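J.: Okay, here's the structure, questions in a sec.
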Amino acid sequence: MSGLTAAILVGALFATGAYLILRRDPIKLILGLTMVSYGVNVLLFTSSTLRKGIPPVIADKKTFTGDISQFVDPLPQALVLTAIVISFGIVAFLVVLVSRRNMLVEQYGKAPDAPTAINDPFGATAHYLSGLDADPDDYEWVDDTFREPAQSERS
Amino acid sequence: MHVDPNWLAAFIAAPGVAASLGLLFTGWGLRRSVAWQYRLALIGALINFAVSVPVLLVTQAGNRLVLQMGLYQAPFGITVIADALSGLMLFFTALVAVTTLIYARGTLDDRDRLNFYPLLLLLIMGVNGAFLTGDMFNLYVFFEVLLVGSFALLTLGGQIGQINGGIRYVLLNMLASTFFLAAAGVIYGTAGTLNMAQLAERLPQAPPSVQLLIAGLLMIAFSTKAGLFPLFFWLPASYHTAHPAVTALFGGLLTKLGVYTLFRIYPLLFPELLQEWQGFVFVVAALTMITGIFGAMAVNTMRRVLSFHIISQVGYMIMGLGLAATGNPAMATFGLAAGILYVVHQMLVKTAILMAGGAAELEAGSGSLLRERMMGLRQRAPALAVIFFIAAMSLAGLPPSSGFVSKLWLLQGAIDAGHWAIAAVSLIVSLFTLMSMLRIWQKAFWGYPKAEYQVPSPIATPSRQWLTLAPIAVLLAFSLWIGIFSGPALQWFDTAAAQALDRAGYIQAVSPTNTIEYLGGSYDAK
């Protein structure tokens, strides 16, 4: 029964996460990523046998003579712990990236992905080119690739 | 020749210690901090390189170096193993690391490049660890180590283009890691171990449906990292936004690591499944080549074109994996050796051409191929033009370079085995690669410089010129060496492929135990 519960939980977390990641809002994206990593953590946890009330440690190994296969494997818990730490760190980094992006967008009042940002000096040009005038070709993506820049844009 | 396996720890310790010590210098005032970080990083990278030479020679003699950390026996401790494939990868990674450090010293600005060198070494530590590990979960951890380093390097500088590229890069790589982790969970639940040698014993006995699930999850994870056909979108969205030195390092190492894991995991753990998948692998390889090269034709800035070329070239390496997916051992070795040669060729040439392209962008103040900003670089920077030309011709596959030899080998393998379709696709894509290179040459190097676009070059001083161009020349010298003296060089790749396909030898080298001993008795974990 607990296996089935875990399977449903993993599925629900993955589904929620996938749905949230496909939204445009960066905050939902981060939440979705967190959900997916929780789902994987639960999945990792189920890779040891799920049994109630059985400890992963042998209390007194000197006198222990029973069947070792009756104990729960402690390794998946260690794996889950590692995975939690790593995904937490990366999600924190992603939060910083998104907040920095929002700050820059607020500061310059332009959506960086919008095609109107063609003369935005803070677009896709790497910072080492800042100070030189920005190049519209650095922003274009496949949709406006074959457009010759108009004379007015040539600056 | 004998090398103590304990030296393998140096591949992780030397970059790790140098990076940590470098971080201590951050409070010293900018110029001095950066200078000291650079010196420490160079020492770390040189130690790494110095250790990689004997390891390469020993593994080429047919030995596997195995280090069981803390002397715990195989499935319980951490296994570190270097065979000929890892040895080659470690050597060329160390070479790329040293050259990129020097190139970065030539092109970086002290201003806001604090902590660049420690981060670069952290990335190298992760890459080395992933090449060396004999354990699935450690592979995941080392992937994360190098990813965290690459996230920071990619967004260093914090411009909005970098942040936008960085969000896509972090998101898609994190999702790929999640798939990898899920695969690790299923593997442990199925086989009760994460040690690769033990998995090689146990996984082929697992039910076919479970094998398919594991292999599929791993395929999604690794092909995202390698930039294969439907999963490559993070790469062209982010690589060109970083500094040229960062782009060169990523282009030279990260996707190649994804390909290495494919070469390592599939022949070792799923030999039968891989043979069933041969057609699928060829289709993915062909689509990767074609989408990559068409993407490169469609974009108009220097490093964006070169980023799409990374994808297209990964297709050739996967073609090598497809050739290895056959029951005939001689042909499998031949095909995998060609794939490994292609990986090494790309590590050298892709790093070199991204360095040269980045230097050209710095020289011209723009990467645009559509307008006339980069015109006439041949006159403004003749040495750079020569170096770029050699790199471009090696990438396109002209003799006498490693590009020619590796493409010839792949083609011979494909034609011998009768895979005419993939051979034709690879030839056509080669032609398009040459066209794309000629387009860059025409738009950036030929012609006459326009006076109104002249900008002061940040790499104009003689010392900076030297630091920028010498590393590229070294990488290209290796590429030409593989091309000209191909006979002895090709031996390396044959040995590497033979060892990568030798499952029994790998299992025997690690020799994992199936018995858990404890004071009350023992328990057979099988």
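Simple scheme: letters A, B, ... for chains in structure tokens order, numbers from 1 for residues in each chain, numbers from 1 for ligands in the order shown.
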As a count of residues only, please: every residue in range 297-464 of chain B that a backbone DSSP assignment puts in helix (DSSP H, G or I).
T.: 127
J.: What residues in chain B have any atom no more than 7 Å from chain A when counting only C-alpha atoms, and can you write them as a PyMOL selection string?
T.: chain B and resi 157+159-163+167+178+181-182+185-186+188-189+241-243+298-301+365-366+368+519-520
J.: Distance CA of Gln205 in chain B-CA of Ala191 in chain B, one decimal place?
T.: 9.3 Å
J.: Between B:Ala74, B:Met374, B:Leu153, B:Leu122, which residue has the minimum interatomic distance to Ala18 in chain B, considering only C-alpha atoms?
T.: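 For Ala18 in chain B, the nearest of the candidates is B:Leu122.
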J.: Set the distance at 10 Å and use only C-alpha atoms: which residues neighbour Asp4 in chain B once local chain neighbours fewer than 2 positions away are removed? I'd like the list as a ChimeraX atom specification.
T.: /B:2,6-8,55,65-67
J.: Write out as a PDB file with all heavy atoms, in the first residue's frame the residues lying within 8 Å of Ala200 in chain B, counting only C-alpha atoms and excluding same-chain residues fewer than 2 positions away.
T.:
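Done, and the output landed in around_20.pdb:
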```pdb
ATOM      1  N   MET B 196      29.376   0.857 -10.962  1.00  0.00           N
ATOM      2  CA  MET B 196      29.176   0.557 -12.380  1.00  0.00           C
ATOM      3  C   MET B 196      29.590  -0.863 -12.731  1.00  0.00           C
ATOM      4  O   MET B 196      28.944  -1.526 -13.542  1.00  0.00           O
ATOM      5  CB  MET B 196      29.958   1.547 -13.233  1.00  0.00           C
ATOM      6  CG  MET B 196      29.337   2.915 -13.281  1.00  0.00           C
ATOM      7  SD  MET B 196      30.176   3.872 -14.520  1.00  0.00           S
ATOM      8  CE  MET B 196      29.999   5.498 -13.881  1.00  0.00           C
ATOM      9  N   ALA B 197      30.679  -1.344 -12.118  1.00  0.00           N
ATOM     10  CA  ALA B 197      31.127  -2.695 -12.441  1.00  0.00           C
ATOM     11  C   ALA B 197      30.093  -3.719 -11.998  1.00  0.00           C
ATOM     12  O   ALA B 197      29.781  -4.670 -12.721  1.00  0.00           O
ATOM     13  CB  ALA B 197      32.470  -2.965 -11.766  1.00  0.00           C
ATOM     14  N   GLN B 198      29.529  -3.497 -10.798  1.00  0.00           N
ATOM     15  CA  GLN B 198      28.511  -4.425 -10.319  1.00  0.00           C
ATOM     16  C   GLN B 198      27.239  -4.309 -11.160  1.00  0.00           C
ATOM     17  O   GLN B 198      26.569  -5.310 -11.428  1.00  0.00           O
ATOM     18  CB  GLN B 198      28.210  -4.144  -8.852  1.00  0.00           C
ATOM     19  CG  GLN B 198      27.617  -5.336  -8.157  1.00  0.00           C
ATOM     20  CD  GLN B 198      27.837  -5.263  -6.660  1.00  0.00           C
ATOM     21  OE1 GLN B 198      27.845  -4.184  -6.082  1.00  0.00           O
ATOM     22  NE2 GLN B 198      28.013  -6.404  -6.034  1.00  0.00           N
ATOM     23  N   ARG B 202      24.890  -7.042 -13.102  1.00  0.00           N
ATOM     24  CA  ARG B 202      23.506  -7.319 -12.702  1.00  0.00           C
ATOM     25  C   ARG B 202      22.466  -6.779 -13.665  1.00  0.00           C
ATOM     26  O   ARG B 202      21.410  -7.397 -13.824  1.00  0.00           O
ATOM     27  CB  ARG B 202      23.250  -6.700 -11.326  1.00  0.00           C
ATOM     28  CG  ARG B 202      24.029  -7.391 -10.232  1.00  0.00           C
ATOM     29  CD  ARG B 202      23.592  -6.886  -8.890  1.00  0.00           C
ATOM     30  NE  ARG B 202      24.458  -7.387  -7.844  1.00  0.00           N
ATOM     31  CZ  ARG B 202      24.379  -6.994  -6.586  1.00  0.00           C
ATOM     32  NH1 ARG B 202      23.491  -6.082  -6.252  1.00  0.00           N
ATOM     33  NH2 ARG B 202      25.181  -7.491  -5.684  1.00  0.00           N
ATOM     34  N   LEU B 203      22.702  -5.602 -14.263  1.00  0.00           N
ATOM     35  CA  LEU B 203      21.625  -4.988 -15.056  1.00  0.00           C
ATOM     36  C   LEU B 203      21.179  -5.832 -16.247  1.00  0.00           C
ATOM     37  O   LEU B 203      19.989  -5.885 -16.529  1.00  0.00           O
ATOM     38  CB  LEU B 203      22.029  -3.596 -15.519  1.00  0.00           C
ATOM     39  CG  LEU B 203      21.625  -2.442 -14.608  1.00  0.00           C
ATOM     40  CD1 LEU B 203      21.903  -1.123 -15.285  1.00  0.00           C
ATOM     41  CD2 LEU B 203      20.158  -2.523 -14.214  1.00  0.00           C
ATOM     42  N   PRO B 204      22.106  -6.515 -16.966  1.00  0.00           N
ATOM     43  CA  PRO B 204      21.631  -7.316 -18.097  1.00  0.00           C
ATOM     44  C   PRO B 204      20.673  -8.433 -17.679  1.00  0.00           C
ATOM     45  O   PRO B 204      19.958  -8.969 -18.525  1.00  0.00           O
ATOM     46  CB  PRO B 204      22.920  -7.892 -18.697  1.00  0.00           C
ATOM     47  CG  PRO B 204      23.957  -6.910 -18.337  1.00  0.00           C
ATOM     48  CD  PRO B 204      23.580  -6.417 -16.988  1.00  0.00           C
ATOM     49  N   LEU B 268      28.810  -0.464 -21.585  1.00  0.00           N
ATOM     50  CA  LEU B 268      29.102  -1.206 -20.359  1.00  0.00           C
ATOM     51  C   LEU B 268      27.841  -1.820 -19.761  1.00  0.00           C
ATOM     52  O   LEU B 268      27.817  -3.001 -19.409  1.00  0.00           O
ATOM     53  CB  LEU B 268      29.766  -0.269 -19.348  1.00  0.00           C
ATOM     54  CG  LEU B 268      30.230  -0.904 -18.039  1.00  0.00           C
ATOM     55  CD1 LEU B 268      31.334  -1.887 -18.296  1.00  0.00           C
ATOM     56  CD2 LEU B 268      30.703   0.167 -17.081  1.00  0.00           C
ATOM     57  N   LEU B 269      26.773  -1.033 -19.654  1.00  0.00           N
ATOM     58  CA  LEU B 269      25.597  -1.500 -18.917  1.00  0.00           C
ATOM     59  C   LEU B 269      24.508  -2.088 -19.813  1.00  0.00           C
ATOM     60  O   LEU B 269      23.749  -2.935 -19.392  1.00  0.00           O
ATOM     61  CB  LEU B 269      24.998  -0.350 -18.094  1.00  0.00           C
ATOM     62  CG  LEU B 269      25.913   0.315 -17.072  1.00  0.00           C
ATOM     63  CD1 LEU B 269      25.127   1.287 -16.232  1.00  0.00           C
ATOM     64  CD2 LEU B 269      26.559  -0.715 -16.178  1.00  0.00           C
ATOM     65  N   PHE B 270      24.390  -1.584 -21.040  1.00  0.00           N
ATOM     66  CA  PHE B 270      23.281  -2.025 -21.896  1.00  0.00           C
ATOM     67  C   PHE B 270      23.782  -2.520 -23.243  1.00  0.00           C
ATOM     68  O   PHE B 270      23.387  -1.986 -24.284  1.00  0.00           O
ATOM     69  CB  PHE B 270      22.291  -0.882 -22.117  1.00  0.00           C
ATOM     70  CG  PHE B 270      21.839  -0.210 -20.860  1.00  0.00           C
ATOM     71  CD1 PHE B 270      22.347   1.016 -20.509  1.00  0.00           C
ATOM     72  CD2 PHE B 270      20.926  -0.817 -20.022  1.00  0.00           C
ATOM     73  CE1 PHE B 270      21.935   1.641 -19.349  1.00  0.00           C
ATOM     74  CE2 PHE B 270      20.515  -0.206 -18.861  1.00  0.00           C
ATOM     75  CZ  PHE B 270      21.023   1.028 -18.519  1.00  0.00           C
ATOM     76  N   ARG B 503      33.904  -5.441 -21.236  1.00  0.00           N
ATOM     77  CA  ARG B 503      33.129  -5.382 -19.997  1.00  0.00           C
ATOM     78  C   ARG B 503      33.733  -6.280 -18.926  1.00  0.00           C
ATOM     79  O   ARG B 503      33.820  -5.904 -17.761  1.00  0.00           O
ATOM     80  CB  ARG B 503      31.684  -5.787 -20.269  1.00  0.00           C
ATOM     81  CG  ARG B 503      31.040  -4.946 -21.331  1.00  0.00           C
ATOM     82  CD  ARG B 503      29.661  -5.440 -21.676  1.00  0.00           C
ATOM     83  NE  ARG B 503      28.768  -5.359 -20.540  1.00  0.00           N
ATOM     84  CZ  ARG B 503      28.094  -6.379 -20.043  1.00  0.00           C
ATOM     85  NH1 ARG B 503      28.217  -7.571 -20.586  1.00  0.00           N
ATOM     86  NH2 ARG B 503      27.309  -6.222 -19.019  1.00  0.00           N
ATOM     87  N   ILE B 507      34.898  -5.214 -15.120  1.00  0.00           N
ATOM     88  CA  ILE B 507      34.350  -5.813 -13.897  1.00  0.00           C
ATOM     89  C   ILE B 507      35.473  -6.420 -13.066  1.00  0.00           C
ATOM     90  O   ILE B 507      35.535  -6.267 -11.851  1.00  0.00           O
ATOM     91  CB  ILE B 507      33.302  -6.891 -14.256  1.00  0.00           C
ATOM     92  CG1 ILE B 507      32.111  -6.236 -14.955  1.00  0.00           C
ATOM     93  CG2 ILE B 507      32.846  -7.628 -13.020  1.00  0.00           C
ATOM     94  CD1 ILE B 507      31.165  -7.215 -15.572  1.00  0.00           C
TER      95      ILE B 507
END
```
J.: Could you list, as a PyMOL selection string, every residue within 7 Å of range 435-446 of chain B, counting only C-alpha atoms and ignoring same-chain residues fewer than 4 positions away?
T.: chain B and resi 297+369+374-378+385+392+431
J.: Next, dump the selected residues to file, keeping only all heavy atoms, as a tab-separated table (two decimals), in the first residue's frame.
T.:
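selection.tsv written:
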```
chain	number	residue	atom	x	y	z
B	297	MET	N	23.79	27.92	-40.27
B	297	MET	CA	23.63	28.72	-41.48
B	297	MET	C	22.67	29.89	-41.25
B	297	MET	O	22.71	30.88	-41.95
B	297	MET	CB	23.08	27.87	-42.63
B	297	MET	CG	23.83	26.62	-42.93
B	297	MET	SD	25.41	26.93	-43.65
B	297	MET	CE	24.98	26.95	-45.36
B	369	LEU	N	28.06	39.07	-38.38
B	369	LEU	CA	28.50	38.70	-39.72
B	369	LEU	C	27.61	39.35	-40.78
B	369	LEU	O	27.92	39.33	-41.96
B	369	LEU	CB	28.44	37.19	-39.89
B	369	LEU	CG	29.30	36.38	-38.96
B	369	LEU	CD1	29.03	34.91	-39.14
B	369	LEU	CD2	30.76	36.66	-39.22
B	374	MET	N	33.01	43.42	-38.94
B	374	MET	CA	34.19	42.57	-38.74
B	374	MET	C	35.06	42.50	-39.98
B	374	MET	O	36.10	41.84	-39.96
B	374	MET	CB	33.76	41.16	-38.36
B	374	MET	CG	32.98	41.09	-37.08
B	374	MET	SD	32.69	39.40	-36.58
B	374	MET	CE	34.20	39.00	-35.76
B	375	MET	N	34.63	43.15	-41.04
B	375	MET	CA	35.37	43.05	-42.31
B	375	MET	C	36.84	43.40	-42.14
B	375	MET	O	37.20	44.29	-41.39
B	375	MET	CB	34.76	44.01	-43.32
B	375	MET	CG	33.39	43.61	-43.78
B	375	MET	SD	33.43	42.41	-45.07
B	375	MET	CE	33.19	43.47	-46.48
B	376	GLY	N	37.68	42.69	-42.86
B	376	GLY	CA	39.07	43.07	-42.95
B	376	GLY	C	39.92	42.69	-41.76
B	376	GLY	O	40.99	43.24	-41.57
B	377	LEU	N	39.48	41.71	-40.97
B	377	LEU	CA	40.31	41.30	-39.84
B	377	LEU	C	41.63	40.71	-40.32
B	377	LEU	O	42.61	40.71	-39.60
B	377	LEU	CB	39.57	40.28	-39.00
B	377	LEU	CG	38.66	40.83	-37.91
B	377	LEU	CD1	37.93	39.72	-37.22
B	377	LEU	CD2	39.48	41.61	-36.90
B	378	ARG	N	41.63	40.20	-41.55
B	378	ARG	CA	42.85	39.67	-42.14
B	378	ARG	C	43.96	40.71	-42.12
B	378	ARG	O	45.14	40.38	-41.89
B	378	ARG	CB	42.55	39.26	-43.58
B	378	ARG	CG	43.68	38.73	-44.39
B	378	ARG	CD	43.19	38.45	-45.78
B	378	ARG	NE	42.60	39.65	-46.38
B	378	ARG	CZ	43.26	40.52	-47.12
B	378	ARG	NH1	44.54	40.35	-47.33
B	378	ARG	NH2	42.65	41.57	-47.64
B	385	ALA	N	44.14	35.74	-38.05
B	385	ALA	CA	43.49	35.22	-39.25
B	385	ALA	C	44.07	33.87	-39.64
B	385	ALA	O	43.33	32.94	-39.98
B	385	ALA	CB	43.63	36.22	-40.40
B	392	ALA	N	39.49	26.54	-38.69
B	392	ALA	CA	38.27	26.36	-39.49
B	392	ALA	C	38.43	25.19	-40.45
B	392	ALA	O	37.51	24.39	-40.63
B	392	ALA	CB	37.97	27.65	-40.25
B	431	LEU	N	30.17	19.15	-46.01
B	431	LEU	CA	30.20	20.18	-47.05
B	431	LEU	C	29.60	21.48	-46.54
B	431	LEU	O	30.15	22.57	-46.74
B	431	LEU	CB	29.43	19.67	-48.27
B	431	LEU	CG	29.53	20.54	-49.51
B	431	LEU	CD1	30.94	20.53	-50.03
B	431	LEU	CD2	28.56	20.06	-50.57
```
